[in-house]
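So the structure is just underneath, and the comments pick up after that.
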Amino acid sequence: MSLSASIHAVRGTFDLNVHLTAEPGRTLVLLGPNGAGKSTVLAAIAGTVPSDGTILINGRAVSDEETARRRVGYVFQDYLLFPHLSVLENIAFGPRAQGVARPAARATAAGWLERLGIPELADRRPTQLSGGQAQRVALARALASGPELLLLDEPLAALDVEVRDDVREELARHLREWGGLTIVVTHSLDDVASLAHDVVVLENGRETQRATVRELVRSPATPYVERLVAAWRED
Amino acid sequence: MTRGSARRSFLMPALWIPAALALALLGLPLVALVVRAPWASLPDLLSRSEVIQALALSFGTASIATLVSLVLGIPLALVLARSAEWSVVPRRVLRALVTVPLVLPPVVGGVALLLLLGRRGLIGQFLPFTIPFSTSAVVIAQVFVAMPFLVLAVEGAVRASDRRFEVAAATLGASRWTVLRRVTLPLVAPGIAAGSLLCFTRALGEFGATITFAGSFPGVTQTLPIATYIELQRDPDAAIALSLLLMAASVAVLVSLRDRWVPGLTA
Amino acid sequence: MKCLAVAAVLALTGCAAPGAEPPPELQGTLTVFAAASLTDVFDQLAHEFEADHPGLDVTVNYAGSTALAQQLVQGAPADVFAAASESAMDIVTDAGLTAHPVVFATNTIELAVPPSNPGRVDDLSDLERPELAVALCAPEVPCGEASQRVLDHAGVIPSVDTFEQDVRAVLTKVELGEVDAGLVYCTDVLASGNGVEGIEIPGAEEFETRYPIAATGTANRAAAAAFMNWVLSPAGKELLGDAGFGTP
């Protein structure tokens, strides 16, 4: 299992051109400042924005596939839980959409709620969830759809600072347990430290450094990473 | 959403006078209808078989017209909402076509329908059956005048809804049809409910296009508004009774829908 | 007395004499409520009357006679009311708004069919054929009453598709070819020109419709009286005759 993605997308004057590879069990973090094109990379992989290039998921070329057929799980920054469905129905949505019968889909969804330790939330509406709960539901929803690749866009940015560390540890544990191909987009070194195996730094649409977490902290390649590491050490 | 305190400060006393006049203009005619109604003979007037017939015909045709408007109007609303991405000319033409029946005098709509679907109409002359003077003609006339209300209400709701939910659904493996059925439409359900309500009440009150295109025959095409108008020529008391019935029906439809479905229409 | 024949005769004798010695001082506005079937001829009458009285402004409001009568009872301001039936006029006299209406014209029910007569309608009994589309005036309005009397007399039970709210609506449906036949006044057939073909109904003249006229207001009594005199004058009758009306 692997991901190999060459992505080229032009948005007005913004020009994105990157090549990414990822391996299962090793979480790849895309790190970069706002506007570097991180979210566009995820959207291009998921097929929700047009792009040129070649994207291979487990050797399967998906560049010409519709989003629905790429088998890419996507956790959005603000989660985008369907407001008209309960938590259980949100999680069962993926299996249902793929043709699983309603009782089986609900059983699958209930199983994911158990695995993530939130079975008591099943009948809640998304508006009745805390930020951390919503994030876990969003993760469960993405995983329940049986993705070959999981994309997380700033998964902790919408959370209050007090709960962020706990939720991050939880998330890291769940990603380890899942063990599939994962790409996380963030601009926080805390996230990198907890979640990443490999890091790709993206600045202004281009890759500026590719490293393990340890290498990144030891030898930052650009002023941006340098500043980030310095600020992080002070905390 | 905004509660009184945020708005109160700007309401000048001078505005109360025109506001009260406006309210009087809207409300007093209905009060007059209620006051002048022949209450004593009302049960007799309203239990006449031709009244029951007209009432049943009105509710039946308005319901069918609303269903037809839902089936045809929701897709049109979705197209209209997406037309924001089109170039100017086709976008404006589309919007004008949807809006014109709202501003057109209904009688003109009726004449236009005759010229299209009448026995010698552009299309009607090729049909193996006759549309005018049938109950289907009543429904067609009602759809013509009432469907735009539904289309515009649903279109507004679609435009206001967050399209990223559709993207999220697609990443979960949902086909376009599934996205439409399980995400887009449920999210705009309040707009659909409001639009259906407007559509139904407009169809219920439809007169001009109906009498022109469908004519007037008891039990077939003579809806409650037409019966009211014709009755006014012979027996004003009966006409008042029928008007009261129409008003009650419209009000009943309004209050039967809860506020959360139709913000702005019910208190 | 046949509608078309009358028109022809009057057209031959037609040498329009102007309204006899108009009183010169008429001023202001004159509001006339007139039955829908009078539309064309009252436009002419009003036009010529205005020409004779430059200081006067004549407005004619056309609608179904019964609707107009109801409006008058509800206080609509009209100086003259010309109705298409005596029962409509009765509504106004019963309300005490006028007295002594005078019959100034008569009209006869006739069959109207679209040009070339696609339904092959020959006489009144054809209205019983269920496959034909037939329009009548609603029984609540004068032309409907008149039509019913003619049908009753002939013992015909028509297969009706629509009851229209006034005679002009019936005429329109025939002109558009949406119905195969309708019952209208012979004056409507004449007014329609080539729009419809008329078929006379034997015996219909026995059930002629009588058009009464009366002054109904106090605002401009002199003008109202002068206008009624003009309608009843030989020249007025001639215009009515040209339009196909009978005159008593």
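Each chain in the structure tokens gets a letter, A, B and so on, in the order shown; residues start at 1 in every chain, and ligands are counted from 1 in the order they appear.
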
(Q) So that I can check the surroundings of range 37-47 of chain A, please list as a PyMOL selection string every protein, DNA and RNA residue that reaches within 8 Å of it, counting only C-alpha atoms and ignoring chain neighbours fewer than 5 positions away. (A) (chain A and resi 5+7+16+30-32+55+63+65-67+70+72+74+151+153+185+202-205) or (chain B and resi 171)

Q: With a distance cut-off of 10 Å and only C-alpha atoms, select the neighbouring residues of Phe245 in chain C, excluding the residue or stretch itself and same-chain residues fewer than 2 positions from it, and output the selection as a ChimeraX atom specification.
A: /C:2-4,6-7,38,41,104-108,185-188,190,209-211,237-243,247-248

Near chain B, meaning an atom within 6 Å, which residues of chain A appear when counting only C-alpha atoms? Write them as an mmCIF file with N, CA and C atoms, in the first residue's frame.
data_model
loop_
_atom_site.group_PDB
_atom_site.id
_atom_site.type_symbol
_atom_site.label_atom_id
_atom_site.label_comp_id
_atom_site.auth_asym_id
_atom_site.auth_seq_id
_atom_site.Cartn_x
_atom_site.Cartn_y
_atom_site.Cartn_z
ATOM 1 N N THR A 67 -14.647 12.065 -7.202
ATOM 2 C CA THR A 67 -14.338 12.016 -5.770
ATOM 3 C C THR A 67 -14.899 10.754 -5.117
ATOM 4 N N ALA A 68 -16.164 10.466 -5.455
ATOM 5 C CA ALA A 68 -16.848 9.369 -4.773
ATOM 6 C C ALA A 68 -16.166 8.022 -5.007
ATOM 7 N N GLY A 94 -21.384 6.828 4.964
ATOM 8 C CA GLY A 94 -20.458 6.273 3.972
ATOM 9 C C GLY A 94 -20.851 4.865 3.551
ATOM 10 N N ALA A 97 -24.002 4.946 1.517
ATOM 11 C CA ALA A 97 -23.800 5.495 0.173
ATOM 12 C C ALA A 97 -23.140 4.461 -0.734
ATOM 13 N N SER A 145 -16.152 4.846 6.114
ATOM 14 C CA SER A 145 -16.391 4.736 4.676
ATOM 15 C C SER A 145 -15.354 3.826 4.011
#

Q) How far is it from CA of Arg221 in chain C to CA of Tyr62 in chain C, in Å with one decimal? A)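 Separating CA of Arg221 in chain C from CA of Tyr62 in chain C is a distance of 20.6 Å.
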
Q: For each of C:Gly217, C:Gly236, C:Gly193, C:Pro139, take the minimum atom-to-atom distance to chain B, counting only C-alpha atoms, then give the residue where this is smallest.
A: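 Of C:Gly217, C:Gly236, C:Gly193, C:Pro139, the one nearest chain B, counting only C-alpha atoms, is C:Pro139.
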
Q: With a distance threshold of 12 Å and counting only C-alpha atoms, extract the residues of chain C near chain B and express them as a PyMOL selection string.
A: chain C and resi 63-71+73-74+87-88+91+114+118+131-142+144-145+159-166+168-170+172-180

Store the residues picked out above in a file with N, CA and C atoms, as a short mmCIF file (atom, residue, chain, number, x, y, z; two decimals), in the first residue's frame.
data_model
loop_
_atom_site.label_atom_id
_atom_site.label_comp_id
_atom_site.auth_asym_id
_atom_site.auth_seq_id
_atom_site.Cartn_x
_atom_site.Cartn_y
_atom_site.Cartn_z
N ALA C 63 -68.89 46.03 -17.80
CA ALA C 63 -68.72 44.77 -17.07
C ALA C 63 -70.04 44.02 -17.18
N GLY C 64 -70.11 42.84 -16.58
CA GLY C 64 -71.37 42.13 -16.52
C GLY C 64 -72.41 42.98 -15.81
N SER C 65 -73.65 42.99 -16.31
CA SER C 65 -74.68 43.86 -15.75
C SER C 65 -74.89 43.63 -14.27
N THR C 66 -74.90 42.38 -13.85
CA THR C 66 -75.18 42.10 -12.45
C THR C 66 -74.04 42.59 -11.57
N ALA C 67 -72.81 42.41 -12.06
CA ALA C 67 -71.67 42.90 -11.30
C ALA C 67 -71.75 44.41 -11.15
N LEU C 68 -72.10 45.10 -12.25
CA LEU C 68 -72.24 46.56 -12.19
C LEU C 68 -73.34 46.96 -11.22
N ALA C 69 -74.46 46.24 -11.27
CA ALA C 69 -75.56 46.56 -10.36
C ALA C 69 -75.12 46.42 -8.91
N GLN C 70 -74.36 45.35 -8.62
CA GLN C 70 -73.87 45.17 -7.25
C GLN C 70 -72.94 46.32 -6.86
N GLN C 71 -72.10 46.73 -7.80
CA GLN C 71 -71.18 47.83 -7.50
C GLN C 71 -71.95 49.12 -7.20
N VAL C 73 -74.99 49.37 -6.00
CA VAL C 73 -75.61 49.23 -4.68
C VAL C 73 -74.58 49.48 -3.59
N GLN C 74 -73.33 49.07 -3.85
CA GLN C 74 -72.27 49.28 -2.87
C GLN C 74 -71.73 50.71 -2.90
N SER C 87 -83.69 42.33 -14.85
CA SER C 87 -83.46 41.85 -13.47
C SER C 87 -82.24 42.55 -12.87
N ALA C 88 -81.23 42.82 -13.69
CA ALA C 88 -80.08 43.55 -13.17
C ALA C 88 -80.50 44.97 -12.78
N ILE C 91 -82.21 45.27 -9.38
CA ILE C 91 -81.35 45.35 -8.19
C ILE C 91 -81.14 46.81 -7.81
N PRO C 114 -66.97 29.00 -34.67
CA PRO C 114 -65.74 29.51 -35.28
C PRO C 114 -65.86 29.51 -36.80
N PRO C 118 -66.05 24.17 -37.62
CA PRO C 118 -65.42 22.86 -37.53
C PRO C 118 -66.31 21.79 -36.89
N GLU C 131 -69.77 15.31 -28.05
CA GLU C 131 -68.38 15.46 -28.50
C GLU C 131 -68.02 16.90 -28.81
N LEU C 132 -69.03 17.77 -28.88
CA LEU C 132 -68.74 19.18 -29.17
C LEU C 132 -68.36 19.92 -27.89
N ALA C 133 -67.44 20.88 -28.02
CA ALA C 133 -67.12 21.77 -26.90
C ALA C 133 -68.05 22.97 -26.99
N VAL C 134 -68.79 23.21 -25.90
CA VAL C 134 -69.83 24.23 -25.91
C VAL C 134 -69.61 25.18 -24.74
N ALA C 135 -69.71 26.49 -25.02
CA ALA C 135 -69.61 27.50 -23.97
C ALA C 135 -70.93 28.25 -23.88
N LEU C 136 -71.40 28.45 -22.65
CA LEU C 136 -72.58 29.27 -22.40
C LEU C 136 -72.21 30.31 -21.36
N CYS C 137 -73.04 31.37 -21.27
CA CYS C 137 -72.90 32.29 -20.14
C CYS C 137 -73.39 31.57 -18.88
N ALA C 138 -72.76 31.89 -17.75
CA ALA C 138 -73.22 31.33 -16.48
C ALA C 138 -74.67 31.73 -16.25
N PRO C 139 -75.49 30.84 -15.70
CA PRO C 139 -76.91 31.14 -15.52
C PRO C 139 -77.15 32.35 -14.61
N GLU C 140 -76.10 32.75 -13.86
CA GLU C 140 -76.26 33.88 -12.95
C GLU C 140 -76.25 35.22 -13.67
N VAL C 141 -75.75 35.28 -14.91
CA VAL C 141 -75.63 36.57 -15.60
C VAL C 141 -76.70 36.67 -16.69
N PRO C 142 -77.05 37.90 -17.14
CA PRO C 142 -78.19 38.09 -18.04
C PRO C 142 -78.14 37.23 -19.30
N GLY C 144 -76.82 34.48 -19.69
CA GLY C 144 -77.10 33.11 -19.29
C GLY C 144 -78.59 32.87 -19.11
N GLU C 145 -79.25 33.84 -18.47
CA GLU C 145 -80.71 33.76 -18.32
C GLU C 145 -81.38 33.67 -19.69
N SER C 159 -74.91 19.94 -23.88
CA SER C 159 -73.78 19.34 -23.18
C SER C 159 -72.70 20.42 -23.07
N VAL C 160 -72.72 21.11 -21.94
CA VAL C 160 -71.90 22.32 -21.77
C VAL C 160 -70.53 21.97 -21.24
N ASP C 161 -69.49 22.66 -21.75
CA ASP C 161 -68.15 22.46 -21.23
C ASP C 161 -67.70 23.57 -20.30
N THR C 162 -68.26 24.75 -20.50
CA THR C 162 -67.85 25.84 -19.62
C THR C 162 -68.94 26.90 -19.54
N PHE C 163 -69.14 27.41 -18.33
CA PHE C 163 -70.07 28.52 -18.10
C PHE C 163 -69.24 29.78 -17.86
N GLU C 164 -69.27 30.69 -18.80
CA GLU C 164 -68.39 31.85 -18.70
C GLU C 164 -69.04 32.98 -17.91
N GLN C 165 -68.19 33.88 -17.41
CA GLN C 165 -68.71 34.90 -16.51
C GLN C 165 -69.41 36.04 -17.24
N ASP C 166 -69.15 36.23 -18.53
CA ASP C 166 -69.96 37.17 -19.29
C ASP C 166 -69.93 36.79 -20.77
N ARG C 168 -68.90 38.27 -23.43
CA ARG C 168 -67.68 38.49 -24.22
C ARG C 168 -66.68 37.34 -24.02
N ALA C 169 -66.70 36.74 -22.84
CA ALA C 169 -65.81 35.60 -22.59
C ALA C 169 -66.24 34.40 -23.45
N VAL C 170 -67.55 34.22 -23.61
CA VAL C 170 -68.04 33.15 -24.50
C VAL C 170 -67.57 33.43 -25.93
N THR C 172 -65.04 35.16 -26.96
CA THR C 172 -63.60 34.95 -27.10
C THR C 172 -63.26 33.48 -27.28
N LYS C 173 -63.93 32.63 -26.49
CA LYS C 173 -63.64 31.20 -26.58
C LYS C 173 -64.03 30.67 -27.98
N VAL C 174 -65.10 31.22 -28.56
CA VAL C 174 -65.49 30.80 -29.90
C VAL C 174 -64.48 31.33 -30.91
N GLU C 175 -64.10 32.61 -30.75
CA GLU C 175 -63.15 33.21 -31.70
C GLU C 175 -61.84 32.44 -31.72
N LEU C 176 -61.39 31.99 -30.53
CA LEU C 176 -60.13 31.26 -30.45
C LEU C 176 -60.27 29.83 -30.95
N GLY C 177 -61.52 29.42 -31.23
CA GLY C 177 -61.73 28.05 -31.69
C GLY C 177 -61.62 27.03 -30.58
N GLU C 178 -61.63 27.48 -29.33
CA GLU C 178 -61.53 26.54 -28.22
C GLU C 178 -62.84 25.80 -27.98
N VAL C 179 -63.94 26.39 -28.43
CA VAL C 179 -65.21 25.67 -28.37
C VAL C 179 -65.79 25.62 -29.78
N ASP C 180 -66.67 24.64 -30.01
CA ASP C 180 -67.28 24.50 -31.33
C ASP C 180 -68.50 25.39 -31.48
#

Q: Please provide as a PyMOL selection string all residues within 12 Å of Val68 in chain B, with the sequence filter that same-chain residues fewer than 2 positions apart are discarded (counting only C-alpha atoms).
A: chain B and resi 61-66+70-75+136+139-144+146-147+150-151+196+199-200+203

Quick one: residues within 9 Å of His100 in chain C, only C-alpha atoms counted, chain neighbours fewer than 3 positions away excluded, as a compact mmCIF listing (two decimals) with C-alpha atoms, in the first residue's frame?
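New file part36.txt:
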# COMPACT_ATOMS: atom_id res chain seq x y z
CA THR C 93 -84.31 50.21 -8.47
CA ILE C 213 -81.27 52.59 -19.08
CA ALA C 214 -81.67 54.89 -16.07
CA ALA C 215 -80.05 57.83 -14.36

Q.
Measuring between only C-alpha atoms, which one of C:Val196, C:Ser37, C:Arg129, C:Leu72 shows the shortest distance to Asp90 in chain C?
A.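 When distances to Asp90 in chain C are compared using only C-alpha atoms, the smallest one comes from C:Leu72.
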
Q) Which polymer residues have any atom within 8 Å of an atom of range 107-118 of chain A, counting only C-alpha atoms, with same-chain residues fewer than 4 positions away left out, as a ChimeraX atom specification? A) /A:88-89,91-92,95,103,122,133,136-137,140-141,144,174

Selection export as a PDB file, in the first residue's frame, atoms kept: N, CA and C atoms:
ATOM      1  N   LEU A  88     -24.879   8.822  14.737  1.00  0.00           N
ATOM      2  CA  LEU A  88     -24.832   7.465  14.174  1.00  0.00           C
ATOM      3  C   LEU A  88     -25.099   7.490  12.667  1.00  0.00           C
ATOM      4  N   GLU A  89     -26.085   8.294  12.256  1.00  0.00           N
ATOM      5  CA  GLU A  89     -26.422   8.368  10.830  1.00  0.00           C
ATOM      6  C   GLU A  89     -25.299   9.012  10.029  1.00  0.00           C
ATOM      7  N   ILE A  91     -22.138   8.684  10.674  1.00  0.00           N
ATOM      8  CA  ILE A  91     -21.083   7.685  10.500  1.00  0.00           C
ATOM      9  C   ILE A  91     -21.537   6.586   9.539  1.00  0.00           C
ATOM     10  N   ALA A  92     -22.833   6.271   9.593  1.00  0.00           N
ATOM     11  CA  ALA A  92     -23.359   5.231   8.705  1.00  0.00           C
ATOM     12  C   ALA A  92     -23.493   5.729   7.264  1.00  0.00           C
ATOM     13  N   PRO A  95     -20.983   3.929   4.517  1.00  0.00           N
ATOM     14  CA  PRO A  95     -21.409   2.570   4.136  1.00  0.00           C
ATOM     15  C   PRO A  95     -22.733   2.565   3.376  1.00  0.00           C
ATOM     16  N   PRO A 103     -29.434  -1.662   8.251  1.00  0.00           N
ATOM     17  CA  PRO A 103     -29.057  -2.224   9.562  1.00  0.00           C
ATOM     18  C   PRO A 103     -27.558  -2.501   9.656  1.00  0.00           C
ATOM     19  N   ALA A 122     -24.298   8.431  20.099  1.00  0.00           N
ATOM     20  CA  ALA A 122     -24.944   7.932  18.879  1.00  0.00           C
ATOM     21  C   ALA A 122     -26.167   8.735  18.441  1.00  0.00           C
ATOM     22  N   GLN A 133     -15.521  16.154  20.592  1.00  0.00           N
ATOM     23  CA  GLN A 133     -16.442  15.082  20.202  1.00  0.00           C
ATOM     24  C   GLN A 133     -16.702  15.118  18.704  1.00  0.00           C
ATOM     25  N   ARG A 136     -13.897  13.647  16.749  1.00  0.00           N
ATOM     26  CA  ARG A 136     -13.865  12.181  16.775  1.00  0.00           C
ATOM     27  C   ARG A 136     -14.958  11.583  15.885  1.00  0.00           C
ATOM     28  N   VAL A 137     -16.139  12.231  15.893  1.00  0.00           N
ATOM     29  CA  VAL A 137     -17.217  11.744  15.029  1.00  0.00           C
ATOM     30  C   VAL A 137     -16.804  11.876  13.563  1.00  0.00           C
ATOM     31  N   ALA A 140     -14.456   9.128  12.800  1.00  0.00           N
ATOM     32  CA  ALA A 140     -15.190   7.864  12.682  1.00  0.00           C
ATOM     33  C   ALA A 140     -15.931   7.804  11.354  1.00  0.00           C
ATOM     34  N   ARG A 141     -16.527   8.935  10.958  1.00  0.00           N
ATOM     35  CA  ARG A 141     -17.283   8.960   9.700  1.00  0.00           C
ATOM     36  C   ARG A 141     -16.358   8.672   8.521  1.00  0.00           C
ATOM     37  N   ALA A 144     -15.211   4.970   8.664  1.00  0.00           N
ATOM     38  CA  ALA A 144     -16.285   4.013   8.406  1.00  0.00           C
ATOM     39  C   ALA A 144     -16.556   3.850   6.918  1.00  0.00           C
ATOM     40  N   HIS A 174      -5.571   6.807  17.681  1.00  0.00           N
ATOM     41  CA  HIS A 174      -6.508   6.221  16.715  1.00  0.00           C
ATOM     42  C   HIS A 174      -5.855   6.016  15.358  1.00  0.00           C
TER      43      HIS A 174
END

(Q) as number ranges by chain, please: every residue in range 87-155 of chain A that a backbone DSSP assignment puts in strand (DSSP E). (A) A: 149-153

Could you dump the residues just selected with N, CA, C and O atoms as a PDB file, in the first residue's frame?
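Written file, out-v2.pdb:
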ATOM      1  N   LEU A 149      -7.060   5.845   1.870  1.00  0.00           N
ATOM      2  CA  LEU A 149      -6.176   6.956   2.223  1.00  0.00           C
ATOM      3  C   LEU A 149      -6.996   7.918   3.071  1.00  0.00           C
ATOM      4  O   LEU A 149      -8.155   8.200   2.762  1.00  0.00           O
ATOM      5  N   LEU A 150      -6.386   8.390   4.175  1.00  0.00           N
ATOM      6  CA  LEU A 150      -7.104   9.304   5.070  1.00  0.00           C
ATOM      7  C   LEU A 150      -6.445  10.677   5.024  1.00  0.00           C
ATOM      8  O   LEU A 150      -5.228  10.792   5.158  1.00  0.00           O
ATOM      9  N   LEU A 151      -7.253  11.705   4.797  1.00  0.00           N
ATOM     10  CA  LEU A 151      -6.744  13.076   4.740  1.00  0.00           C
ATOM     11  C   LEU A 151      -7.332  13.868   5.904  1.00  0.00           C
ATOM     12  O   LEU A 151      -8.538  13.859   6.113  1.00  0.00           O
ATOM     13  N   LEU A 152      -6.460  14.525   6.678  1.00  0.00           N
ATOM     14  CA  LEU A 152      -6.955  15.350   7.775  1.00  0.00           C
ATOM     15  C   LEU A 152      -6.472  16.775   7.570  1.00  0.00           C
ATOM     16  O   LEU A 152      -5.267  17.028   7.507  1.00  0.00           O
ATOM     17  N   ASP A 153      -7.412  17.704   7.460  1.00  0.00           N
ATOM     18  CA  ASP A 153      -7.065  19.097   7.197  1.00  0.00           C
ATOM     19  C   ASP A 153      -7.152  19.875   8.503  1.00  0.00           C
ATOM     20  O   ASP A 153      -8.248  20.113   9.012  1.00  0.00           O
TER      21      ASP A 153
END

Q: Run DSSP on the backbone and give me the residues of range 95-191 of chain A it puts in helix (DSSP H, G or I), as number ranges by chain.
A: A: 95-97, 102-115, 119-121, 126-128, 131-144, 161-178, 189-191
